[in-house]
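In what follows, a single structure is set out as structure tokens and then discussed.
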Amino acid sequence: MTHRHRYPRGRIAVLTLLTTAQALAALLLPAALGTTVDLLLSGEREARSATAWSLVCCGLIGAEVVLAAVEAVVRGGTDAHTTARLRTRLVARVLAVGPARAGVFPPGDLVTRGTGVAAQAGTVPTALADTAGTVLVPLGGAVALLLIDPRLGLVFLAALPLMAVLLRAFTRSTAGSVAAYQRLQADIASRLVEAVTGARTIAAAGTEAEERARVTAPLGALGEQGRRMWRIHARATAQAATLLPLAQLAVVATGGLLLGAGELTVGGLLAAARYAVLAGQVGAFVGSLNRLVRGRVATRRLDEVLALPPVRHGARALPADGRGRLEFRGVTARRGDRAVLRDVDLVVPGGGTLAVVGRSGAGKSVLAALAGRLADPDAGEIRLDGVPLTELDRATLRREVGYAFERPALLGGTLGEAIALGARRPTPDRVAAAARAASADGFIRTLPDGYDTRCDAAPLSGGELQRVGLARAFAHGGRLLVLDDATSSLDTVTELRVGRALLAEGRARTRLVVAHRPATAARADLVAWLDEGRIRAVGTHRELWRRADYRAAWAEGAEGAEGKEGAEGATDDAGGGPDDGPDDGPEGHGATAATEGDAR
């Protein structure tokens, strides 16, 4: 699908006028020089006219210099303006389509398209404007030769059919190489992002050499495509450099014969020689054509992202007396050819807490993403207080549904701003209260600048990072709060405190929690057991624990040994787990490369 790009028409018009004016000045100069020479050779009687024409020549030269300087400024501004607009559109579309749809492009690929590819696509307007000048100069030169003497024009035009064949071959060969080169660039960028994200794993495994080889593996093919592009360009330039001087020499030789026969003046020969050079400036046209081809190929790569359909929102509001009842009706979700969720029917009572449990790959995080419309199901419907999520207006949806993730991203200049990030900005007191509820206030206040500490300067462990993410969710509240494994890096005591705060947090009336610990499931009002994309059972943790297959599912996980303890401790409101132990003991995960995820 090709999108219409709104290029800066005013700038393009100005640039086209400048290049056209430059071309006209360049085309008028040989005629003025030839006339001046003939007048000078005619003797003193034409001295005054020769002086006037000399001034005309100086004026044309000065005009070319001024026009070239102005054109350079306008060209640079146009390229920068267009590139900025394309990058803005690209980022806006990636955010508008949502994380699920944008996930079809690897992060490194998107980065490449938003940087180098967008910069190349941004040169299309100036390349189009250049076409006027680069076509007008050789065309005007050929026409001028015909006007001076038709025989001179015909001698030069004899070389044009061969030149047209060379240009056609150059365009077709360059387009394929540019596309392949940009694809390889994106592949390398994707591999590099993966390596940077997994730097700790690579270091721990001692596989730096293997990873370096994996990231740089496409360099050979990239270099070959780059060399191929330069070979194509060099071949076209060499062919033009061979053909055009021969054509120019033929024009000068023919002009010399005409001069000897008295059919051409000295000034006419000078003008013809200069026009032959101008008519031979196909190299400039080749360069402009090369830029245009590269820009068009880059534009098509941007169009692949811009073709993704944005998430469409409705205009309905939620009922004022709703308590956050969440319903899944026949929901099916696919990832590629695999059905991650199949015919899910589930009701989360308003004001209740539902824990979603199951083996790895059962579809828990996909279910969590669907609950707040970070993704849409392939079939079925999800309702909040009786209103389909697809019919809610965007502001209401984001105001009433909050999220906390396993690996939250700290967006904002400071920790306080990261917690306040959202559709509505909470007050500083609300931010501090949310941080206390998430057990984050203590370590934030120990930092030199407290809540004003810059995110990139905050040495946070994995558990501390999760608590900041929880604080952000608590600060905004809403009818529904979705926790996608948001406490996995917390130690038992801290998770207990956060769990109690979660249950006491009145603004977030309904809670859907992706749980990997039995103690978390035990604290919930209900547990939905997912198995291979289907709801296996719904009930309390204590009720489900009586089933051998449910206990086996916990035993197969990393926390299976904790299962019995979680079930036996379900009699108190905390759901089991010791009340002693370090506040942040097991947290040791670095937070510098953390990113949000909504699906596994």
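Residue numbering restarts at 1 for every chain of the structure tokens, chains are lettered A, B, ... in their displayed order, and ligands are numbered from 1 as they appear.
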
Using 12 Å as the limit and counting only C-alpha atoms, can you tabulate each residue of range 465-557 of chain A that touches range 426-431 of chain A, with its shortest atom-to-atom distance in Å and the two atoms involved, as a tab-separated table?
```
residue	atom	partner	partner_atom	distance
A:Val468	CA	A:Val431	CA	10.4
A:Gly469	CA	A:Val431	CA	11.8
A:Leu470	CA	A:Val431	CA	11.2
A:Ala471	CA	A:Val431	CA	7.5
A:Arg472	CA	A:Val431	CA	7.8
A:Ala473	CA	A:Val431	CA	10.2
A:Phe474	CA	A:Val431	CA	8.6
A:Ala475	CA	A:Val431	CA	5.7
A:His476	CA	A:Pro426	CA	7.0
A:Gly477	CA	A:Pro426	CA	10.2
A:Arg507	CA	A:Arg430	CA	11.8
```

Please, which residues in range 55-155 of chain A fall within 12 Å of range 315-337 of chain A when counting only C-alpha atoms, and what is the closest atom pair and distance in Å to one decimal for each, ordered by chain then residue number, as JSON lines?
```
{"residue": "A:Ala100", "atom": "CA", "partner": "A:Arg335", "partner_atom": "CA", "distance": 9.3}
{"residue": "A:Arg101", "atom": "CA", "partner": "A:Arg335", "partner_atom": "CA", "distance": 10.4}
{"residue": "A:Gly103", "atom": "CA", "partner": "A:Arg335", "partner_atom": "CA", "distance": 10.6}
{"residue": "A:Val104", "atom": "CA", "partner": "A:Gly336", "partner_atom": "CA", "distance": 9.8}
```

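Of the listed residues (A:Val527, A:Val387, A:Ala195, A:Ala72), A:Ala195 comes nearest to Thr207 in chain A; the distances count only C-alpha atoms.
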
For Val37 in chain A, list every protein, DNA or RNA residue within 12 Å, evaluated using only C-alpha atoms, and leave out those in the same chain fewer than 3 positions away; present the list as a list in words.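 Residues meeting the cut-off are Pro30, Ala31, Ala32, Leu33, Gly34, Leu40, Leu41, Ser42, Gly43, Glu46, Ala47, Ser49, Ala50, Thr51, Trp53, Ser54, Cys57, Thr265, Val266, Gly267, Gly268, Leu269, Leu270 and Ala271 of chain A.
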
Store the residues picked out above, limited to N, CA and C atoms, as an mmCIF file, in the first residue's frame.
```
data_model
loop_
_atom_site.group_PDB
_atom_site.id
_atom_site.type_symbol
_atom_site.label_atom_id
_atom_site.label_comp_id
_atom_site.auth_asym_id
_atom_site.auth_seq_id
_atom_site.Cartn_x
_atom_site.Cartn_y
_atom_site.Cartn_z
ATOM 1 N N PRO A 30 26.657 31.297 -21.846
ATOM 2 C CA PRO A 30 27.434 31.054 -23.081
ATOM 3 C C PRO A 30 27.032 31.996 -24.217
ATOM 4 N N ALA A 31 25.741 32.253 -24.371
ATOM 5 C CA ALA A 31 25.300 33.173 -25.432
ATOM 6 C C ALA A 31 25.846 34.569 -25.173
ATOM 7 N N ALA A 32 25.805 34.999 -23.900
ATOM 8 C CA ALA A 32 26.337 36.323 -23.567
ATOM 9 C C ALA A 32 27.839 36.388 -23.805
ATOM 10 N N LEU A 33 28.576 35.348 -23.456
ATOM 11 C CA LEU A 33 30.023 35.323 -23.685
ATOM 12 C C LEU A 33 30.333 35.347 -25.179
ATOM 13 N N GLY A 34 29.587 34.547 -25.935
ATOM 14 C CA GLY A 34 29.821 34.523 -27.385
ATOM 15 C C GLY A 34 29.560 35.876 -28.013
ATOM 16 N N LEU A 40 33.868 42.295 -29.238
ATOM 17 C CA LEU A 40 35.253 42.723 -29.018
ATOM 18 C C LEU A 40 36.089 42.569 -30.279
ATOM 19 N N LEU A 41 35.822 41.501 -31.046
ATOM 20 C CA LEU A 41 36.587 41.254 -32.263
ATOM 21 C C LEU A 41 36.184 42.186 -33.402
ATOM 22 N N SER A 42 35.042 42.828 -33.259
ATOM 23 C CA SER A 42 34.558 43.700 -34.333
ATOM 24 C C SER A 42 35.215 45.071 -34.330
ATOM 25 N N GLY A 43 35.998 45.399 -33.268
ATOM 26 C CA GLY A 43 36.727 46.652 -33.256
ATOM 27 C C GLY A 43 36.138 47.676 -32.312
ATOM 28 N N GLU A 46 32.310 48.848 -31.674
ATOM 29 C CA GLU A 46 31.363 48.093 -30.836
ATOM 30 C C GLU A 46 31.833 47.998 -29.383
ATOM 31 N N ALA A 47 32.818 48.857 -29.004
ATOM 32 C CA ALA A 47 33.406 48.768 -27.669
ATOM 33 C C ALA A 47 32.372 49.008 -26.576
ATOM 34 N N SER A 49 29.107 48.509 -26.706
ATOM 35 C CA SER A 49 28.220 47.345 -26.611
ATOM 36 C C SER A 49 28.927 46.164 -25.951
ATOM 37 N N ALA A 50 30.236 46.010 -26.258
ATOM 38 C CA ALA A 50 31.010 44.921 -25.659
ATOM 39 C C ALA A 50 31.103 45.103 -24.150
ATOM 40 N N THR A 51 31.263 46.360 -23.707
ATOM 41 C CA THR A 51 31.326 46.617 -22.259
ATOM 42 C C THR A 51 30.008 46.259 -21.592
ATOM 43 N N TRP A 53 27.772 44.081 -22.606
ATOM 44 C CA TRP A 53 27.614 42.623 -22.570
ATOM 45 C C TRP A 53 28.559 41.986 -21.554
ATOM 46 N N SER A 54 29.718 42.609 -21.357
ATOM 47 C CA SER A 54 30.630 42.101 -20.315
ATOM 48 C C SER A 54 29.990 42.207 -18.937
ATOM 49 N N CYS A 57 27.511 39.481 -18.545
ATOM 50 C CA CYS A 57 28.185 38.223 -18.187
ATOM 51 C C CYS A 57 28.522 38.195 -16.697
ATOM 52 N N THR A 265 30.723 32.208 -36.381
ATOM 53 C CA THR A 265 31.646 33.188 -35.832
ATOM 54 C C THR A 265 32.465 32.567 -34.705
ATOM 55 N N VAL A 266 33.503 33.323 -34.294
ATOM 56 C CA VAL A 266 34.322 32.854 -33.160
ATOM 57 C C VAL A 266 33.482 32.789 -31.896
ATOM 58 N N GLY A 267 32.656 33.813 -31.693
ATOM 59 C CA GLY A 267 31.773 33.806 -30.523
ATOM 60 C C GLY A 267 30.786 32.663 -30.584
ATOM 61 N N GLY A 268 30.301 32.369 -31.789
ATOM 62 C CA GLY A 268 29.386 31.242 -31.947
ATOM 63 C C GLY A 268 30.056 29.925 -31.604
ATOM 64 N N LEU A 269 31.347 29.781 -32.006
ATOM 65 C CA LEU A 269 32.075 28.556 -31.672
ATOM 66 C C LEU A 269 32.289 28.440 -30.160
ATOM 67 N N LEU A 270 32.621 29.571 -29.516
ATOM 68 C CA LEU A 270 32.783 29.565 -28.063
ATOM 69 C C LEU A 270 31.478 29.171 -27.369
ATOM 70 N N ALA A 271 30.367 29.754 -27.810
ATOM 71 C CA ALA A 271 29.075 29.423 -27.215
ATOM 72 C C ALA A 271 28.725 27.962 -27.463
#
```

Rounded to one decimal in Å, what is the spacing between CA of Ala186 in chain A and CA of Arg227 in chain A?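 CA of Ala186 in chain A sits 17.9 Å away from CA of Arg227 in chain A.
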
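As for CA of Ala279 in chain A and CA of Ala129 in chain A, they are spaced 19.1 Å apart.
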
Can you tell me which residues surround Gln22 in chain A at a distance of at most 10 Å, considering only C-alpha atoms, apart from same-chain residues fewer than 6 positions away, and format the answer as a ChimeraX atom specification? /A:16,28,60-61,63-68,71,133,136-137

Write a file of the selected residues as a tab-separated table (two decimals), in the first residue's frame, keeping all heavy atoms.
```
chain	number	residue	atom	x	y	z
A	16	THR	N	12.46	24.63	-6.53
A	16	THR	CA	12.35	24.44	-7.97
A	16	THR	C	12.62	25.74	-8.71
A	16	THR	O	13.30	25.75	-9.76
A	16	THR	CB	10.93	23.92	-8.32
A	16	THR	OG1	10.70	22.69	-7.63
A	16	THR	CG2	10.80	23.67	-9.81
A	28	LEU	N	22.07	31.10	-20.26
A	28	LEU	CA	22.23	32.41	-20.88
A	28	LEU	C	23.69	32.85	-20.97
A	28	LEU	O	24.07	33.62	-21.86
A	28	LEU	CB	21.43	33.46	-20.09
A	28	LEU	CG	19.90	33.35	-20.18
A	28	LEU	CD1	19.24	34.34	-19.23
A	28	LEU	CD2	19.43	33.60	-21.61
A	60	LEU	N	25.36	37.58	-14.72
A	60	LEU	CA	24.91	36.18	-14.77
A	60	LEU	C	25.76	35.29	-13.87
A	60	LEU	O	25.25	34.40	-13.18
A	60	LEU	CB	24.96	35.67	-16.21
A	60	LEU	CG	23.91	36.26	-17.17
A	60	LEU	CD1	24.20	35.83	-18.60
A	60	LEU	CD2	22.51	35.83	-16.74
A	61	ILE	N	27.08	35.54	-13.86
A	61	ILE	CA	27.96	34.75	-12.98
A	61	ILE	C	27.62	35.02	-11.51
A	61	ILE	O	27.53	34.10	-10.69
A	61	ILE	CB	29.44	35.09	-13.27
A	61	ILE	CG1	29.82	34.63	-14.68
A	61	ILE	CG2	30.35	34.44	-12.23
A	61	ILE	CD1	31.20	35.07	-15.13
A	63	ALA	N	24.77	36.03	-10.33
A	63	ALA	CA	23.46	35.44	-10.04
A	63	ALA	C	23.59	33.95	-9.76
A	63	ALA	O	22.93	33.43	-8.85
A	63	ALA	CB	22.52	35.68	-11.22
A	64	GLU	N	24.42	33.26	-10.52
A	64	GLU	CA	24.63	31.83	-10.27
A	64	GLU	C	25.17	31.58	-8.87
A	64	GLU	O	24.74	30.65	-8.18
A	64	GLU	CB	25.59	31.25	-11.32
A	64	GLU	CG	24.96	30.99	-12.67
A	64	GLU	CD	25.85	30.13	-13.55
A	64	GLU	OE1	25.89	28.90	-13.34
A	64	GLU	OE2	26.51	30.70	-14.44
A	65	VAL	N	26.13	32.42	-8.45
A	65	VAL	CA	26.74	32.26	-7.12
A	65	VAL	C	25.69	32.48	-6.03
A	65	VAL	O	25.57	31.69	-5.08
A	65	VAL	CB	27.93	33.21	-6.96
A	65	VAL	CG1	28.44	33.17	-5.52
A	65	VAL	CG2	29.05	32.85	-7.92
A	66	VAL	N	24.94	33.56	-6.14
A	66	VAL	CA	23.93	33.87	-5.11
A	66	VAL	C	22.84	32.81	-5.08
A	66	VAL	O	22.43	32.34	-4.00
A	66	VAL	CB	23.32	35.27	-5.37
A	66	VAL	CG1	22.15	35.52	-4.42
A	66	VAL	CG2	24.38	36.35	-5.21
A	67	LEU	N	22.36	32.42	-6.25
A	67	LEU	CA	21.31	31.40	-6.31
A	67	LEU	C	21.79	30.08	-5.73
A	67	LEU	O	21.03	29.38	-5.04
A	67	LEU	CB	20.86	31.21	-7.76
A	67	LEU	CG	20.04	32.35	-8.36
A	67	LEU	CD1	19.87	32.15	-9.86
A	67	LEU	CD2	18.68	32.46	-7.69
A	68	ALA	N	23.05	29.71	-5.97
A	68	ALA	CA	23.58	28.46	-5.44
A	68	ALA	C	23.64	28.50	-3.91
A	68	ALA	O	23.34	27.51	-3.23
A	68	ALA	CB	24.98	28.19	-6.01
A	71	GLU	N	20.09	28.33	-2.57
A	71	GLU	CA	19.57	26.98	-2.80
A	71	GLU	C	20.11	26.01	-1.75
A	71	GLU	O	19.38	25.14	-1.25
A	71	GLU	CB	19.96	26.49	-4.19
A	71	GLU	CG	19.42	25.12	-4.53
A	71	GLU	CD	20.36	24.32	-5.41
A	71	GLU	OE1	21.45	24.83	-5.74
A	71	GLU	OE2	20.02	23.17	-5.72
A	133	GLY	N	16.09	21.39	-12.68
A	133	GLY	CA	17.35	21.98	-13.11
A	133	GLY	C	18.23	21.01	-13.87
A	133	GLY	O	18.82	21.37	-14.90
A	136	LEU	N	16.66	20.61	-17.30
A	136	LEU	CA	16.63	21.84	-18.09
A	136	LEU	C	18.00	22.19	-18.66
A	136	LEU	O	18.10	22.64	-19.81
A	136	LEU	CB	16.11	22.98	-17.22
A	136	LEU	CG	15.92	24.33	-17.92
A	136	LEU	CD1	14.92	24.18	-19.06
A	136	LEU	CD2	15.44	25.39	-16.93
A	137	VAL	N	19.07	21.97	-17.88
A	137	VAL	CA	20.41	22.36	-18.35
A	137	VAL	C	20.83	21.56	-19.58
A	137	VAL	O	21.16	22.14	-20.62
A	137	VAL	CB	21.44	22.23	-17.21
A	137	VAL	CG1	22.85	22.36	-17.76
A	137	VAL	CG2	21.20	23.31	-16.17
```

Work out how far apart CA of Thr123 in chain A and CA of Thr19 in chain A are and give it in Å to one decimal. 15.4 Å

Using DSSP on the backbone coordinates, identify the residues of range 176-348 of chain A assigned to alpha helix (DSSP H); present them as a PyMOL selection string. chain A and resi 176-197+199-205+208-216+219-260+266-279+282-306

Leaving out Ile444 in chain A and any residue of its chain fewer than 4 positions from it, which residues lie within 9 Å of it when counting only C-alpha atoms, given as a PyMOL selection string? chain A and resi 415+435+440+448-451+453+458

Could you save the residues just selected, with N, CA and C atoms, as a PDB file, in the first residue's frame?
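Final file, out25.pdb:
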```
ATOM      1  N   LEU A 415      12.129  10.237  38.557  1.00  0.00           N
ATOM      2  CA  LEU A 415      11.327   9.147  39.104  1.00  0.00           C
ATOM      3  C   LEU A 415       9.902   9.620  39.405  1.00  0.00           C
ATOM      4  N   ALA A 435       3.665   5.598  45.877  1.00  0.00           N
ATOM      5  CA  ALA A 435       4.988   5.006  46.098  1.00  0.00           C
ATOM      6  C   ALA A 435       5.044   4.299  47.444  1.00  0.00           C
ATOM      7  N   ALA A 440       7.899   1.738  47.584  1.00  0.00           N
ATOM      8  CA  ALA A 440       8.965   2.393  46.834  1.00  0.00           C
ATOM      9  C   ALA A 440       9.386   3.717  47.454  1.00  0.00           C
ATOM     10  N   PRO A 448      19.825  10.933  46.509  1.00  0.00           N
ATOM     11  CA  PRO A 448      20.203  12.330  46.780  1.00  0.00           C
ATOM     12  C   PRO A 448      19.120  13.334  46.414  1.00  0.00           C
ATOM     13  N   ASP A 449      18.448  13.125  45.285  1.00  0.00           N
ATOM     14  CA  ASP A 449      17.425  14.079  44.850  1.00  0.00           C
ATOM     15  C   ASP A 449      16.016  13.551  45.036  1.00  0.00           C
ATOM     16  N   GLY A 450      15.844  12.441  45.726  1.00  0.00           N
ATOM     17  CA  GLY A 450      14.521  11.911  46.006  1.00  0.00           C
ATOM     18  C   GLY A 450      13.709  11.681  44.749  1.00  0.00           C
ATOM     19  N   TYR A 451      12.489  12.186  44.736  1.00  0.00           N
ATOM     20  CA  TYR A 451      11.604  12.008  43.581  1.00  0.00           C
ATOM     21  C   TYR A 451      12.076  12.802  42.361  1.00  0.00           C
ATOM     22  N   THR A 453      15.129  12.657  41.295  1.00  0.00           N
ATOM     23  CA  THR A 453      16.275  11.932  40.734  1.00  0.00           C
ATOM     24  C   THR A 453      15.975  11.551  39.292  1.00  0.00           C
ATOM     25  N   ALA A 458      19.320   6.769  38.321  1.00  0.00           N
ATOM     26  CA  ALA A 458      18.825   6.037  39.491  1.00  0.00           C
ATOM     27  C   ALA A 458      19.312   4.589  39.434  1.00  0.00           C
TER      28      ALA A 458
END
```

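Counting only C-alpha atoms, the residue from A:Ala204, A:Leu157, A:Val311, A:Ala423 that sits nearest to Glu391 in chain A is A:Val311.
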
Residue with smallest distance to Leu17 in chain A - pool A:Val498, A:Ala121, A:Ala519, A:Ala132, counting only C-alpha atoms: A:Ala132

Closest of A:Thr492, A:Ser190, A:Gln120, A:Thr35 to Leu302 in chain A - atom-to-atom distances counting only C-alpha atoms: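 Nearest candidate to Leu302 in chain A out of A:Thr492, A:Ser190, A:Gln120, A:Thr35: A:Gln120.
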
Residues within 8 Å of Arg93 in chain A, only C-alpha atoms, excluding chain neighbours under 2 positions, as a PyMOL selection string: chain A and resi 89-91+95-97+305-306+308+310

Output the selection as a CSV table (one decimal), in the first residue's frame - C-alpha atoms for each residue.
```csv
chain,number,residue,atom,x,y,z
A,89,ARG,CA,4.5,10.2,11.3
A,90,LEU,CA,6.4,6.9,11.8
A,91,VAL,CA,6.5,7.2,15.6
A,95,LEU,CA,2.2,4.2,18.9
A,96,ALA,CA,-1.3,4.3,17.3
A,97,VAL,CA,-1.3,0.7,16.1
A,305,VAL,CA,4.9,0.6,8.7
A,306,LEU,CA,2.5,3.4,7.8
A,308,LEU,CA,-0.5,-0.8,9.6
A,310,PRO,CA,-4.3,2.2,13.8
```

DSSP on the backbone: what in range 344-523 of chain A comes out strand (DSSP E or B), as a PyMOL selection string? chain A and resi 344-348+353-357+379-384+387-388+392+401-405+414+454+480-484+510-514

Option closest in space to Phe156 in chain A, from A:Val251, A:Leu411, A:Val297, A:Val357 [counting only C-alpha atoms]: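 The closest residue to Phe156 in chain A is A:Val251.
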
Show which residues sit within 12 Å of Val348 in chain A, as an MDAnalysis selection string. Count only C-alpha atoms, and ignore same-chain residues fewer than 3 positions away. chainID A and resid 323:329 345 351:356 371 382:386 479:482 509:513 524:528 538:539

Select, from A:Pro349, A:Gly140, A:Pro8, A:Gly116, the residue with the minimum atom-to-atom distance to Ala25 in chain A, counting only C-alpha atoms.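 Of the candidates, the smallest distance to Ala25 in chain A is held by A:Gly140.
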